[in-house]
file final_33.pdb (PDB, C-alpha atoms)
ATOM      1  CA  MET U   1      50.198  35.482  33.342
ATOM      2  CA  THR U   2      53.494  37.325  33.737
ATOM      3  CA  GLU U   3      55.611  37.096  36.877
ATOM      4  CA  LEU U   4      55.085  40.805  37.569
ATOM      5  CA  ARG U   5      51.315  40.374  37.428
ATOM      6  CA  LYS U   6      51.542  37.403  39.807
ATOM      7  CA  GLU U   7      53.671  39.453  42.194
ATOM      8  CA  MET U   8      51.222  42.331  42.120
ATOM      9  CA  ILE U   9      48.211  40.091  42.771
ATOM     10  CA  LYS U  10      50.104  38.486  45.661
ATOM     11  CA  ALA U  11      50.949  41.921  47.122
ATOM     12  CA  MET U  12      47.328  43.031  46.879
ATOM     13  CA  GLU U  13      46.004  39.802  48.416
ATOM     14  CA  LEU U  14      48.439  40.106  51.334
ATOM     15  CA  ARG U  15      47.065  43.584  51.998
ATOM     16  CA  ASN U  16      43.495  42.288  51.729
ATOM     17  CA  LEU U  17      42.501  44.733  48.986
ATOM     18  CA  SER U  18      39.016  44.267  47.589
ATOM     19  CA  LYS U  19      38.550  42.571  44.219
ATOM     20  CA  GLN U  20      37.302  45.832  42.750
ATOM     21  CA  THR U  21      40.443  47.672  43.937
ATOM     22  CA  GLN U  22      42.623  44.888  42.571
ATOM     23  CA  ARG U  23      40.991  45.150  39.155
ATOM     24  CA  SER U  24      41.460  48.932  39.195
ATOM     25  CA  TYR U  25      45.173  48.686  40.089
ATOM     26  CA  LEU U  26      45.860  45.971  37.510
ATOM     27  CA  SER U  27      44.055  47.997  34.863
ATOM     28  CA  ALA U  28      46.230  51.036  35.646
ATOM     29  CA  VAL U  29      49.460  49.071  35.187
ATOM     30  CA  SER U  30      48.324  47.142  32.111
ATOM     31  CA  GLY U  31      47.124  50.384  30.490
ATOM     32  CA  LEU U  32      50.590  51.910  30.918
ATOM     33  CA  ALA U  33      52.300  48.796  29.547
ATOM     34  CA  LYS U  34      50.022  48.639  26.492
ATOM     35  CA  TYR U  35      50.567  52.313  25.719
ATOM     36  CA  TYR U  36      54.341  51.878  25.463
ATOM     37  CA  MET U  37      54.279  48.186  24.451
ATOM     38  CA  LYS U  38      56.892  47.579  27.129
ATOM     39  CA  SER U  39      57.094  45.796  30.467
ATOM     40  CA  PRO U  40      55.953  48.233  33.192
ATOM     41  CA  ASP U  41      59.144  47.728  35.204
ATOM     42  CA  THR U  42      61.174  49.307  32.352
ATOM     43  CA  ILE U  43      59.091  52.486  32.107
ATOM     44  CA  SER U  44      60.641  55.633  33.578
ATOM     45  CA  LYS U  45      58.988  58.295  35.691
ATOM     46  CA  GLU U  46      59.197  60.747  32.779
ATOM     47  CA  MET U  47      57.375  58.256  30.552
ATOM     48  CA  ILE U  48      54.684  57.872  33.201
ATOM     49  CA  GLU U  49      54.283  61.654  33.267
ATOM     50  CA  ASP U  50      53.804  61.702  29.484
ATOM     51  CA  TYR U  51      51.274  58.876  29.739
ATOM     52  CA  LEU U  52      49.232  60.718  32.364
ATOM     53  CA  LEU U  53      49.219  63.857  30.224
ATOM     54  CA  HIS U  54      48.035  61.704  27.311
ATOM     55  CA  LEU U  55      45.145  60.425  29.430
ATOM     56  CA  LYS U  56      44.292  63.955  30.545
ATOM     57  CA  ASN U  57      44.674  65.910  27.312
ATOM     58  CA  ASP U  58      44.143  63.364  24.529
ATOM     59  CA  ARG U  59      41.750  60.895  26.132
ATOM     60  CA  GLY U  60      39.945  63.469  28.287
ATOM     61  CA  ASN U  61      40.056  61.413  31.483
ATOM     62  CA  ALA U  62      38.452  63.104  34.496
ATOM     63  CA  PRO U  63      40.552  63.959  37.605
ATOM     64  CA  ASN U  64      39.011  61.104  39.596
ATOM     65  CA  SER U  65      39.903  58.646  36.838
ATOM     66  CA  LEU U  66      43.483  59.951  36.708
ATOM     67  CA  LEU U  67      43.825  59.652  40.477
ATOM     68  CA  SER U  68      42.723  56.020  40.224
ATOM     69  CA  VAL U  69      45.468  55.346  37.670
ATOM     70  CA  ILE U  70      48.081  57.133  39.796
ATOM     71  CA  THR U  71      47.090  55.145  42.892
ATOM     72  CA  GLY U  72      47.446  51.861  41.005
ATOM     73  CA  LEU U  73      50.831  52.803  39.567
ATOM     74  CA  ARG U  74      52.034  54.007  42.971
ATOM     75  CA  PHE U  75      51.073  50.674  44.542
ATOM     76  CA  PHE U  76      52.924  48.793  41.776
ATOM     77  CA  HIS U  77      56.124  50.811  42.262
ATOM     78  CA  ASN U  78      56.065  50.749  46.069
ATOM     79  CA  HIS U  79      55.021  47.149  46.734
ATOM     80  CA  VAL U  80      56.053  45.198  43.634
ATOM     81  CA  LEU U  81      59.145  46.992  42.326
ATOM     82  CA  SER U  82      60.129  48.433  45.737
ATOM     83  CA  CYS U  83      61.083  51.679  44.021
ATOM     84  CA  GLU U  84      60.076  54.085  46.738
ATOM     85  CA  GLU U  85      62.883  56.404  45.677
ATOM     86  CA  ARG U  86      60.959  57.011  42.426
ATOM     87  CA  VAL U  87      58.144  58.819  44.208
ATOM     88  CA  LEU U  88      55.039  59.188  42.063
ATOM     89  CA  ASP U  89      53.896  62.445  43.602
ATOM     90  CA  PHE U  90      51.544  63.397  40.783
ATOM     91  CA  SER U  91      48.201  64.807  41.769
ATOM     92  CA  PHE U  92      45.183  66.059  39.870
ATOM     93  CA  ARG U  93      42.679  68.297  41.542
ATOM     94  CA  ARG U  94      39.309  66.643  41.964
ATOM     95  CA  LYS U  95      36.307  68.275  40.381
ATOM     96  CA  ASN U  96      34.015  70.207  42.664
ATOM     97  CA  ARG U  97      31.430  67.892  44.092
ATOM     98  CA  LYS U  98      28.053  68.356  42.472
ATOM     99  CA  LEU U  99      24.739  67.714  44.174
ATOM    100  CA  PRO U 100      23.247  64.359  43.147
ATOM    101  CA  VAL U 101      20.125  64.211  41.004
ATOM    102  CA  VAL U 102      17.116  62.909  42.949
ATOM    103  CA  LEU U 103      13.862  61.640  41.494
ATOM    104  CA  SER U 104      10.426  62.167  43.018
ATOM    105  CA  LEU U 105       8.431  59.205  44.305
ATOM    106  CA  ASP U 106       6.220  59.353  41.231
ATOM    107  CA  GLU U 107       9.220  59.367  38.894
ATOM    108  CA  VAL U 108      10.746  56.332  40.607
ATOM    109  CA  TRP U 109       7.429  54.487  40.362
ATOM    110  CA  HIS U 110       7.088  55.332  36.651
ATOM    111  CA  ILE U 111      10.573  53.930  35.983
ATOM    112  CA  ILE U 112       9.872  50.697  37.889
ATOM    113  CA  ASN U 113       6.609  50.224  36.017
ATOM    114  CA  ALA U 114       8.139  51.031  32.617
ATOM    115  CA  THR U 115       9.358  47.463  32.103
ATOM    116  CA  ASN U 116       7.273  44.319  31.589
ATOM    117  CA  ASN U 117      10.251  42.054  32.296
ATOM    118  CA  LYS U 118       9.964  40.579  35.837
ATOM    119  CA  LYS U 119      13.719  40.320  36.311
ATOM    120  CA  HIS U 120      14.303  43.907  35.181
ATOM    121  CA  ARG U 121      11.495  45.202  37.384
ATOM    122  CA  LEU U 122      13.020  43.508  40.428
ATOM    123  CA  ILE U 123      16.477  44.892  39.621
ATOM    124  CA  LEU U 124      15.045  48.413  39.710
ATOM    125  CA  MET U 125      13.061  47.689  42.861
ATOM    126  CA  ALA U 126      16.125  46.264  44.633
ATOM    127  CA  ALA U 127      18.296  49.269  43.793
ATOM    128  CA  TYR U 128      15.705  51.756  45.063
ATOM    129  CA  SER U 129      14.047  49.885  47.949
ATOM    130  CA  ALA U 130      17.349  49.035  49.668
ATOM    131  CA  GLY U 131      19.567  51.869  48.418
ATOM    132  CA  LEU U 132      21.947  49.501  46.636
ATOM    133  CA  ARG U 133      24.817  50.216  44.291
ATOM    134  CA  ALA U 134      24.660  48.433  40.912
ATOM    135  CA  SER U 135      27.464  46.073  41.971
ATOM    136  CA  GLU U 136      25.536  45.227  45.151
ATOM    137  CA  VAL U 137      22.389  44.444  43.157
ATOM    138  CA  ALA U 138      24.403  42.131  40.897
ATOM    139  CA  ALA U 139      25.923  40.275  43.879
ATOM    140  CA  LEU U 140      22.596  39.423  45.562
ATOM    141  CA  ARG U 141      22.061  35.767  46.431
ATOM    142  CA  PRO U 142      19.065  34.011  48.059
ATOM    143  CA  GLU U 143      20.848  33.701  51.415
ATOM    144  CA  HIS U 144      21.068  37.498  51.621
ATOM    145  CA  ILE U 145      17.296  37.737  52.046
ATOM    146  CA  ASP U 146      16.300  37.661  55.739
ATOM    147  CA  SER U 147      12.500  37.627  55.587
ATOM    148  CA  LYS U 148      12.118  37.025  59.347
ATOM    149  CA  ARG U 149      13.826  40.272  60.295
ATOM    150  CA  MET U 150      12.952  41.979  56.987
ATOM    151  CA  LEU U 151      16.578  42.777  56.294
ATOM    152  CA  LEU U 152      18.742  42.438  53.210
ATOM    153  CA  LYS U 153      22.426  41.622  53.675
ATOM    154  CA  VAL U 154      25.025  43.299  51.483
ATOM    155  CA  GLU U 155      28.238  41.288  51.354
ATOM    156  CA  ASN U 156      31.556  42.830  50.356
ATOM    157  CA  GLY U 157      30.135  46.244  49.546
ATOM    158  CA  LYS U 158      32.287  49.291  48.832
ATOM    159  CA  GLY U 159      35.519  49.032  50.797
ATOM    160  CA  GLY U 160      34.925  45.307  51.299
ATOM    161  CA  LYS U 161      32.394  45.949  54.075
ATOM    162  CA  ASP U 162      29.265  43.958  54.912
ATOM    163  CA  ARG U 163      26.075  45.658  56.082
ATOM    164  CA  TYR U 164      22.344  45.159  56.483
ATOM    165  CA  THR U 165      19.777  47.341  54.806
ATOM    166  CA  LEU U 166      15.995  47.359  54.373
ATOM    167  CA  LEU U 167      14.007  44.514  52.833
ATOM    168  CA  SER U 168      10.872  45.934  51.271
ATOM    169  CA  THR U 169       7.593  44.029  51.754
ATOM    170  CA  MET U 170       6.608  44.722  48.153
ATOM    171  CA  PHE U 171      10.018  43.657  46.852
ATOM    172  CA  LEU U 172       9.873  40.418  48.896
ATOM    173  CA  ARG U 173       6.397  39.585  47.602
ATOM    174  CA  GLU U 174       7.397  40.079  43.974
ATOM    175  CA  LEU U 175      10.722  38.277  44.549
ATOM    176  CA  ARG U 176       8.903  35.145  45.736
ATOM    177  CA  HIS U 177       6.717  35.179  42.637
ATOM    178  CA  TYR U 178       9.825  35.684  40.482
ATOM    179  CA  TYR U 179      11.510  32.658  42.078
ATOM    180  CA  LYS U 180       8.509  30.445  41.443
ATOM    181  CA  THR U 181       8.341  31.351  37.767
ATOM    182  CA  CYS U 182      11.991  32.016  36.819
ATOM    183  CA  LYS U 183      13.965  29.830  39.285
ATOM    184  CA  PRO U 184      17.203  31.850  39.018
ATOM    185  CA  GLY U 185      19.413  29.619  41.211
ATOM    186  CA  GLU U 186      22.668  30.744  42.876
ATOM    187  CA  TRP U 187      22.331  34.400  41.895
ATOM    188  CA  ILE U 188      19.091  36.319  42.185
ATOM    189  CA  PHE U 189      19.898  38.141  38.956
ATOM    190  CA  PRO U 190      21.999  35.722  36.870
ATOM    191  CA  SER U 191      23.536  36.529  33.522
ATOM    192  CA  SER U 192      21.939  34.618  30.662
ATOM    193  CA  HIS U 193      25.301  34.393  28.887
ATOM    194  CA  LYS U 194      28.009  33.651  31.473
ATOM    195  CA  GLY U 195      26.121  31.770  34.156
ATOM    196  CA  GLY U 196      27.391  34.161  36.834
ATOM    197  CA  PRO U 197      25.751  37.375  38.076
ATOM    198  CA  LEU U 198      24.813  40.293  35.837
ATOM    199  CA  CYS U 199      27.528  42.851  35.179
ATOM    200  CA  TYR U 200      27.331  46.584  35.906
ATOM    201  CA  ALA U 201      26.782  47.456  32.238
ATOM    202  CA  SER U 202      23.713  45.190  32.033
ATOM    203  CA  ILE U 203      22.133  46.684  35.155
ATOM    204  CA  ARG U 204      22.792  50.213  33.923
ATOM    205  CA  ALA U 205      21.240  49.307  30.560
ATOM    206  CA  VAL U 206      18.100  48.012  32.319
ATOM    207  CA  TYR U 207      17.762  51.283  34.230
ATOM    208  CA  GLU U 208      18.431  53.556  31.252
ATOM    209  CA  LYS U 209      15.952  51.718  29.039
ATOM    210  CA  ALA U 210      13.234  51.970  31.709
ATOM    211  CA  ARG U 211      14.039  55.630  32.451
ATOM    212  CA  LYS U 212      13.741  56.637  28.801
ATOM    213  CA  LYS U 213      10.598  54.576  28.324
ATOM    214  CA  ALA U 214       9.075  56.326  31.350
ATOM    215  CA  GLY U 215       9.897  59.692  29.780
ATOM    216  CA  ILE U 216      12.167  60.777  32.642
ATOM    217  CA  LYS U 217      14.858  63.028  31.203
ATOM    218  CA  LYS U 218      16.966  63.561  34.329
ATOM    219  CA  GLY U 219      18.839  61.118  36.536
ATOM    220  CA  ALA U 220      21.162  59.181  34.259
ATOM    221  CA  GLY U 221      22.820  56.184  35.926
ATOM    222  CA  THR U 222      21.520  53.623  38.419
ATOM    223  CA  HIS U 223      23.077  55.566  41.303
ATOM    224  CA  THR U 224      20.140  57.964  40.949
ATOM    225  CA  LEU U 225      17.882  55.336  42.548
ATOM    226  CA  ARG U 226      20.285  55.030  45.483
ATOM    227  CA  HIS U 227      20.402  58.814  45.927
ATOM    228  CA  SER U 228      16.598  58.932  45.770
ATOM    229  CA  PHE U 229      16.379  56.210  48.454
ATOM    230  CA  GLY U 230      18.524  58.230  50.875
ATOM    231  CA  THR U 231      16.732  61.499  50.183
ATOM    232  CA  HIS U 232      13.242  60.009  50.500
ATOM    233  CA  LEU U 233      14.123  58.418  53.860
ATOM    234  CA  LEU U 234      15.402  61.777  55.086
ATOM    235  CA  GLU U 235      12.210  63.518  53.932
ATOM    236  CA  ALA U 236      10.172  60.851  55.740
ATOM    237  CA  GLY U 237      11.813  61.944  58.998
ATOM    238  CA  TYR U 238      14.305  59.142  59.582
ATOM    239  CA  ASP U 239      17.500  59.869  61.511
ATOM    240  CA  ILE U 240      20.419  60.676  59.225
ATOM    241  CA  ARG U 241      22.795  58.382  61.146
ATOM    242  CA  LYS U 242      20.477  55.430  60.548
ATOM    243  CA  ILE U 243      20.392  56.319  56.860
ATOM    244  CA  GLN U 244      24.207  56.372  56.920
ATOM    245  CA  VAL U 245      24.275  52.791  58.236
ATOM    246  CA  LEU U 246      21.714  51.564  55.700
ATOM    247  CA  MET U 247      23.673  53.046  52.800
ATOM    248  CA  GLY U 248      27.079  51.921  54.033
ATOM    249  CA  HIS U 249      28.653  55.383  54.097
ATOM    250  CA  THR U 250      31.927  55.493  56.034
ATOM    251  CA  SER U 251      31.559  59.198  56.752
ATOM    252  CA  LEU U 252      28.417  60.989  57.888
ATOM    253  CA  SER U 253      29.396  63.893  55.651
ATOM    254  CA  THR U 254      28.640  61.706  52.630
ATOM    255  CA  THR U 255      25.096  61.121  53.869
ATOM    256  CA  MET U 256      24.711  64.805  54.766
ATOM    257  CA  ILE U 257      24.681  65.630  51.044
ATOM    258  CA  TYR U 258      21.016  64.593  50.984
ATOM    259  CA  LEU U 259      20.204  67.520  53.255
ATOM    260  CA  HIS U 260      21.193  69.751  50.343
ATOM    261  CA  VAL U 261      18.956  68.038  47.790
ATOM    262  CA  SER U 262      15.905  67.447  49.968
ATOM    263  CA  ARG U 263      13.576  70.233  48.878
ATOM    264  CA  GLN U 264      10.922  69.052  51.295
ATOM    265  CA  THR U 265      13.308  69.355  54.249
ATOM    266  CA  LEU U 266      14.623  72.748  53.146
ATOM    267  CA  SER U 267      11.150  74.152  52.480
ATOM    268  CA  LYS U 268      10.229  73.680  56.171
ATOM    269  CA  ILE U 269      12.915  76.153  57.232
ATOM    270  CA  LYS U 270      11.681  79.688  57.738
ATOM    271  CA  SER U 271      13.718  82.631  56.498
ATOM    272  CA  PRO U 272      14.746  85.021  59.327
ATOM    273  CA  LEU U 273      13.484  87.918  57.189
ATOM    274  CA  ASP U 274       9.931  86.709  57.778
ATOM    275  CA  GLU U 275      10.336  87.574  61.472
ATOM    276  CA  PHE U 276       9.814  91.177  60.353
ATOM    277  CA  ASP U 277       6.720  90.421  58.263
ATOM    278  CA  THR U 278       3.983  92.677  59.710
ATOM    279  CA  GLU U 279       1.287  91.242  57.448
ATOM    280  CA  SER U 280       1.640  87.860  59.127
ATOM    281  CA  GLY U 281       1.522  89.457  62.579
ATOM    282  CA  ASN U 282       5.041  88.368  63.523
ATOM    283  CA  GLY U 283       6.272  91.740  64.673
ATOM    284  CA  GLY U 284       8.270  94.424  62.990
ATOM    285  CA  GLY U 285       5.982  97.407  62.449
ATOM    286  CA  ASP U 286       6.413 100.261  60.006
ATOM    287  CA  ASN U 287       9.105 102.679  61.141
ATOM    288  CA  ASP U 288       9.021 105.542  58.667
ATOM    289  CA  ASP U 289      12.155 107.594  59.194
ATOM    290  CA  THR U 290      11.635 109.890  56.217
ATOM    291  CA  ASP U 291      10.958 112.949  58.453
ATOM    292  CA  ASN U 292      14.154 112.566  60.436
TER
END

call {"tool": "encode", "arguments": {"input": "final_33.pdb", "output": "structure tokens"}}
result
Amino acid sequence: MTELRKEMIKAMELRNLSKQTQRSYLSAVSGLAKYYMKSPDTISKEMIEDYLLHLKNDRGNAPNSLLSVITGLRFFHNHVLSCEERVLDFSFRRKNRKLPVVLSLDEVWHIINATNNKKHRLILMAAYSAGLRASEVAALRPEHIDSKRMLLKVENGKGGKDRYTLLSTMFLRELRHYYKTCKPGEWIFPSSHKGGPLCYASIRAVYEKARKKAGIKKGAGTHTLRHSFGTHLLEAGYDIRKIQVLMGHTSLSTTMIYLHVSRQTLSKIKSPLDEFDTESGNGGGDNDDTDN
């Protein structure tokens, strides 16, 4: 490990950055160094500009991905090299936020039942029943299951925050059977190769295989199950602020997106035009002004 890398890790630890953020920042700096085959402290601002344009135009990186690289490089220059005079003021406009894809209850159930593997079935059930991110599913340990209060603890979620979310009765029942037969140990969903927890790619592969087997063409990515969890709770009449807490959203505006995708909620709203509908007896009346 180089001295610069050690210094950067130290700077990130002192600022209590999450492990995920640390990996992202280190990846940004190492990517720059590999591109030029030079130590990152010898690379000029103009070279960084050329590298970012390479990522954008040649590699096709999305704006969000480019912003992640810029943030990592900015941290490296400000806190490791102390080169605040070389301000990295690059910015790439984020893409317009699209509405998330949400599955119906039947579609979720078809995906869960598409696999005969007990471990894979429980992975899908955990993601949907508790509204978990793939990384949160991977990090589950036995001590996170609170069967007395029927809660599931998420440790070190996005932003390094802990929270409690729902523990499904069905999930708990099948989890107990899984433990008796599979005896997973420290991690609820261990990797068969490394001994640690499953990685994101493995969990995504489990979901995609089940989705395709179930014949569901929409909703790529495990985050679809999390979006469906939030939307289905909203459609069931639960308070949106409680849903915000369960999902670990910092801002209520993030949770509010499910108001836009909940067809059941939107369909209950009556158009003001129907206030003039005479056939339904709601008023209006025919005012024929053709003779005037």

call {"tool": "closest_residue", "arguments": {"input": "final_33.pdb", "among": "U:Ser129, U:Thr42, U:Val108, U:Tyr164", "to": "Asp146 of chain U", "atoms": "only C-alpha atoms"}}
result
U:Tyr164

call {"tool": "atom_distance", "arguments": {"input": "final_33.pdb", "atom1": "atom CA of Gln20 of chain U", "atom2": "atom CA of Leu132 of chain U"}}
result
16.3 Å

call {"tool": "resolve_selection", "arguments": {"input": "final_33.pdb", "expression": "the PyMOL selection byres ((chain U and resi 153) around 7)", "output": "VMD selection string"}}
result
chain U and resid 144 to 145 151 to 152 154 to 155 163 to 165

call {"tool": "residues_around", "arguments": {"input": "final_33.pdb", "residues": "Pro190 of chain U", "least_positions_apart": "4", "cutoff": "12 Å", "atoms": "all atoms listed in the file", "output": "number ranges by chain"}}
result
U: 119-120, 123, 137-142, 182-186, 194-199, 202-203

call {"tool": "write_last_selection", "arguments": {"input": "final_33.pdb", "atoms": "C-alpha atoms", "output": "PDB file, in the frame of the given file"}}
result
ATOM      1  CA  LYS U 119      13.719  40.320  36.311  1.00  0.00           C
ATOM      2  CA  HIS U 120      14.303  43.907  35.181  1.00  0.00           C
ATOM      3  CA  ILE U 123      16.477  44.892  39.621  1.00  0.00           C
ATOM      4  CA  VAL U 137      22.389  44.444  43.157  1.00  0.00           C
ATOM      5  CA  ALA U 138      24.403  42.131  40.897  1.00  0.00           C
ATOM      6  CA  ALA U 139      25.923  40.275  43.879  1.00  0.00           C
ATOM      7  CA  LEU U 140      22.596  39.423  45.562  1.00  0.00           C
ATOM      8  CA  ARG U 141      22.061  35.767  46.431  1.00  0.00           C
ATOM      9  CA  PRO U 142      19.065  34.011  48.059  1.00  0.00           C
ATOM     10  CA  CYS U 182      11.991  32.016  36.819  1.00  0.00           C
ATOM     11  CA  LYS U 183      13.965  29.830  39.285  1.00  0.00           C
ATOM     12  CA  PRO U 184      17.203  31.850  39.018  1.00  0.00           C
ATOM     13  CA  GLY U 185      19.413  29.619  41.211  1.00  0.00           C
ATOM     14  CA  GLU U 186      22.668  30.744  42.876  1.00  0.00           C
ATOM     15  CA  LYS U 194      28.009  33.651  31.473  1.00  0.00           C
ATOM     16  CA  GLY U 195      26.121  31.770  34.156  1.00  0.00           C
ATOM     17  CA  GLY U 196      27.391  34.161  36.834  1.00  0.00           C
ATOM     18  CA  PRO U 197      25.751  37.375  38.076  1.00  0.00           C
ATOM     19  CA  LEU U 198      24.813  40.293  35.837  1.00  0.00           C
ATOM     20  CA  CYS U 199      27.528  42.851  35.179  1.00  0.00           C
ATOM     21  CA  SER U 202      23.713  45.190  32.033  1.00  0.00           C
ATOM     22  CA  ILE U 203      22.133  46.684  35.155  1.00  0.00           C
TER      23      ILE U 203
END

call {"tool": "resolve_selection", "arguments": {"input": "final_33.pdb", "expression": "the PyMOL selection byres ((chain U and resi 101) around 6)", "output": "list in words"}}
result
Pro100, Val102 and Gly219 of chain U

call {"tool": "closest_residue", "arguments": {"input": "final_33.pdb", "among": "U:Arg74, U:Ile111, U:Lys218, U:Thr265", "to": "Lys45 of chain U", "atoms": "only C-alpha atoms"}}
result
U:Arg74

call {"tool": "atom_distance", "arguments": {"input": "final_33.pdb", "atom1": "atom CA of Gly159 of chain U", "atom2": "atom CA of Ser18 of chain U"}}
result
6.7 Å

call {"tool": "axis_aligned_box", "arguments": {"input": "final_33.pdb", "around": "segment 60-71 of chain U", "padding_each_side": "4 Å", "output": "JSON"}}
result
{"center_x": 43.3, "center_y": 59.6, "center_z": 35.6, "size_x": 17.6, "size_y": 16.8, "size_z": 22.6}

call {"tool": "residues_near_point", "arguments": {"input": "final_33.pdb", "point": "(40.4, 57.8, 39.8)", "cutoff": "12 Å", "atoms": "only C-alpha atoms", "output": "list in words"}}
result
Thr21, Ser24, Tyr25, Ser27, Ala28, Leu52, Leu55, Lys56, Asn61, Ala62, Pro63, Asn64, Ser65, Leu66, Leu67, Ser68, Val69, Ile70, Thr71, Gly72, Leu73, Ser91, Phe92, Arg93, Arg94 and Lys95 of chain U

call {"tool": "write_last_selection", "arguments": {"input": "final_33.pdb", "atoms": "C-alpha atoms", "output": "PDB file, keeping the file's coordinate frame"}}
result
ATOM      1  CA  THR U  21      40.443  47.672  43.937  1.00  0.00           C
ATOM      2  CA  SER U  24      41.460  48.932  39.195  1.00  0.00           C
ATOM      3  CA  TYR U  25      45.173  48.686  40.089  1.00  0.00           C
ATOM      4  CA  SER U  27      44.055  47.997  34.863  1.00  0.00           C
ATOM      5  CA  ALA U  28      46.230  51.036  35.646  1.00  0.00           C
ATOM      6  CA  LEU U  52      49.232  60.718  32.364  1.00  0.00           C
ATOM      7  CA  LEU U  55      45.145  60.425  29.430  1.00  0.00           C
ATOM      8  CA  LYS U  56      44.292  63.955  30.545  1.00  0.00           C
ATOM      9  CA  ASN U  61      40.056  61.413  31.483  1.00  0.00           C
ATOM     10  CA  ALA U  62      38.452  63.104  34.496  1.00  0.00           C
ATOM     11  CA  PRO U  63      40.552  63.959  37.605  1.00  0.00           C
ATOM     12  CA  ASN U  64      39.011  61.104  39.596  1.00  0.00           C
ATOM     13  CA  SER U  65      39.903  58.646  36.838  1.00  0.00           C
ATOM     14  CA  LEU U  66      43.483  59.951  36.708  1.00  0.00           C
ATOM     15  CA  LEU U  67      43.825  59.652  40.477  1.00  0.00           C
ATOM     16  CA  SER U  68      42.723  56.020  40.224  1.00  0.00           C
ATOM     17  CA  VAL U  69      45.468  55.346  37.670  1.00  0.00           C
ATOM     18  CA  ILE U  70      48.081  57.133  39.796  1.00  0.00           C
ATOM     19  CA  THR U  71      47.090  55.145  42.892  1.00  0.00           C
ATOM     20  CA  GLY U  72      47.446  51.861  41.005  1.00  0.00           C
ATOM     21  CA  LEU U  73      50.831  52.803  39.567  1.00  0.00           C
ATOM     22  CA  SER U  91      48.201  64.807  41.769  1.00  0.00           C
ATOM     23  CA  PHE U  92      45.183  66.059  39.870  1.00  0.00           C
ATOM     24  CA  ARG U  93      42.679  68.297  41.542  1.00  0.00           C
ATOM     25  CA  ARG U  94      39.309  66.643  41.964  1.00  0.00           C
ATOM     26  CA  LYS U  95      36.307  68.275  40.381  1.00  0.00           C
TER      27      LYS U  95
END

call {"tool": "resolve_selection", "arguments": {"input": "final_33.pdb", "expression": "the PyMOL selection byres ((chain U and resi 104) around 12)", "output": "list in words"}}
result
Val101, Val102, Leu103, Leu105, Asp106, Glu107, Val108, Trp109, His110, Ile111, Tyr128, Ile216, Lys218, Gly219, Thr224, Leu225, His227, Ser228, Phe229, Gly230, Thr231, His232, Glu235, Val261, Ser262, Arg263 and Gln264 of chain U

call {"tool": "closest_residue", "arguments": {"input": "final_33.pdb", "among": "U:Met170, U:Ile48, U:Ala236, U:Leu4", "to": "Arg121 of chain U", "atoms": "only C-alpha atoms"}}
result
U:Met170

call {"tool": "atom_distance", "arguments": {"input": "final_33.pdb", "atom1": "atom CA of Lys10 of chain U", "atom2": "atom CA of Val80 of chain U"}}
result
9.2 Å

call {"tool": "residues_around", "arguments": {"input": "final_33.pdb", "residues": "Lys242 of chain U", "least_positions_apart": "5", "cutoff": "12 Å", "atoms": "only C-alpha atoms", "output": "list of chain:residue names"}}
result
U:Tyr164, U:Thr165, U:Leu166, U:Gly230, U:Leu233, U:Leu234, U:Gly237, U:Met247, U:Gly248, U:His249, U:Leu252, U:Thr255, U:Met256

call {"tool": "residues_near_point", "arguments": {"input": "final_33.pdb", "point": "(50.2, 39.0, 38.8)", "cutoff": "12 Å", "atoms": "all atoms listed in the file", "output": "list of chain:residue names"}}
result
U:Met1, U:Thr2, U:Glu3, U:Leu4, U:Arg5, U:Lys6, U:Glu7, U:Met8, U:Ile9, U:Lys10, U:Ala11, U:Met12, U:Glu13, U:Gln22, U:Arg23, U:Tyr25, U:Leu26, U:Ser27, U:Val29, U:Ser30, U:Phe76, U:Val80

call {"tool": "write_last_selection", "arguments": {"input": "final_33.pdb", "atoms": "C-alpha atoms", "output": "short mmCIF file (atom, residue, chain, number, x, y, z; two decimals), in the coordinates of the input"}}
result
data_model
loop_
_atom_site.label_atom_id
_atom_site.label_comp_id
_atom_site.auth_asym_id
_atom_site.auth_seq_id
_atom_site.Cartn_x
_atom_site.Cartn_y
_atom_site.Cartn_z
CA MET U 1 50.20 35.48 33.34
CA THR U 2 53.49 37.33 33.74
CA GLU U 3 55.61 37.10 36.88
CA LEU U 4 55.08 40.80 37.57
CA ARG U 5 51.32 40.37 37.43
CA LYS U 6 51.54 37.40 39.81
CA GLU U 7 53.67 39.45 42.19
CA MET U 8 51.22 42.33 42.12
CA ILE U 9 48.21 40.09 42.77
CA LYS U 10 50.10 38.49 45.66
CA ALA U 11 50.95 41.92 47.12
CA MET U 12 47.33 43.03 46.88
CA GLU U 13 46.00 39.80 48.42
CA GLN U 22 42.62 44.89 42.57
CA ARG U 23 40.99 45.15 39.16
CA TYR U 25 45.17 48.69 40.09
CA LEU U 26 45.86 45.97 37.51
CA SER U 27 44.06 48.00 34.86
CA VAL U 29 49.46 49.07 35.19
CA SER U 30 48.32 47.14 32.11
CA PHE U 76 52.92 48.79 41.78
CA VAL U 80 56.05 45.20 43.63
#

call {"tool": "residues_around", "arguments": {"input": "final_33.pdb", "residues": "Ala114 of chain U", "least_positions_apart": "2", "cutoff": "7 Å", "atoms": "all atoms listed in the file", "output": "ChimeraX atom specification"}}
result
/U:110-112,116,210,213-214
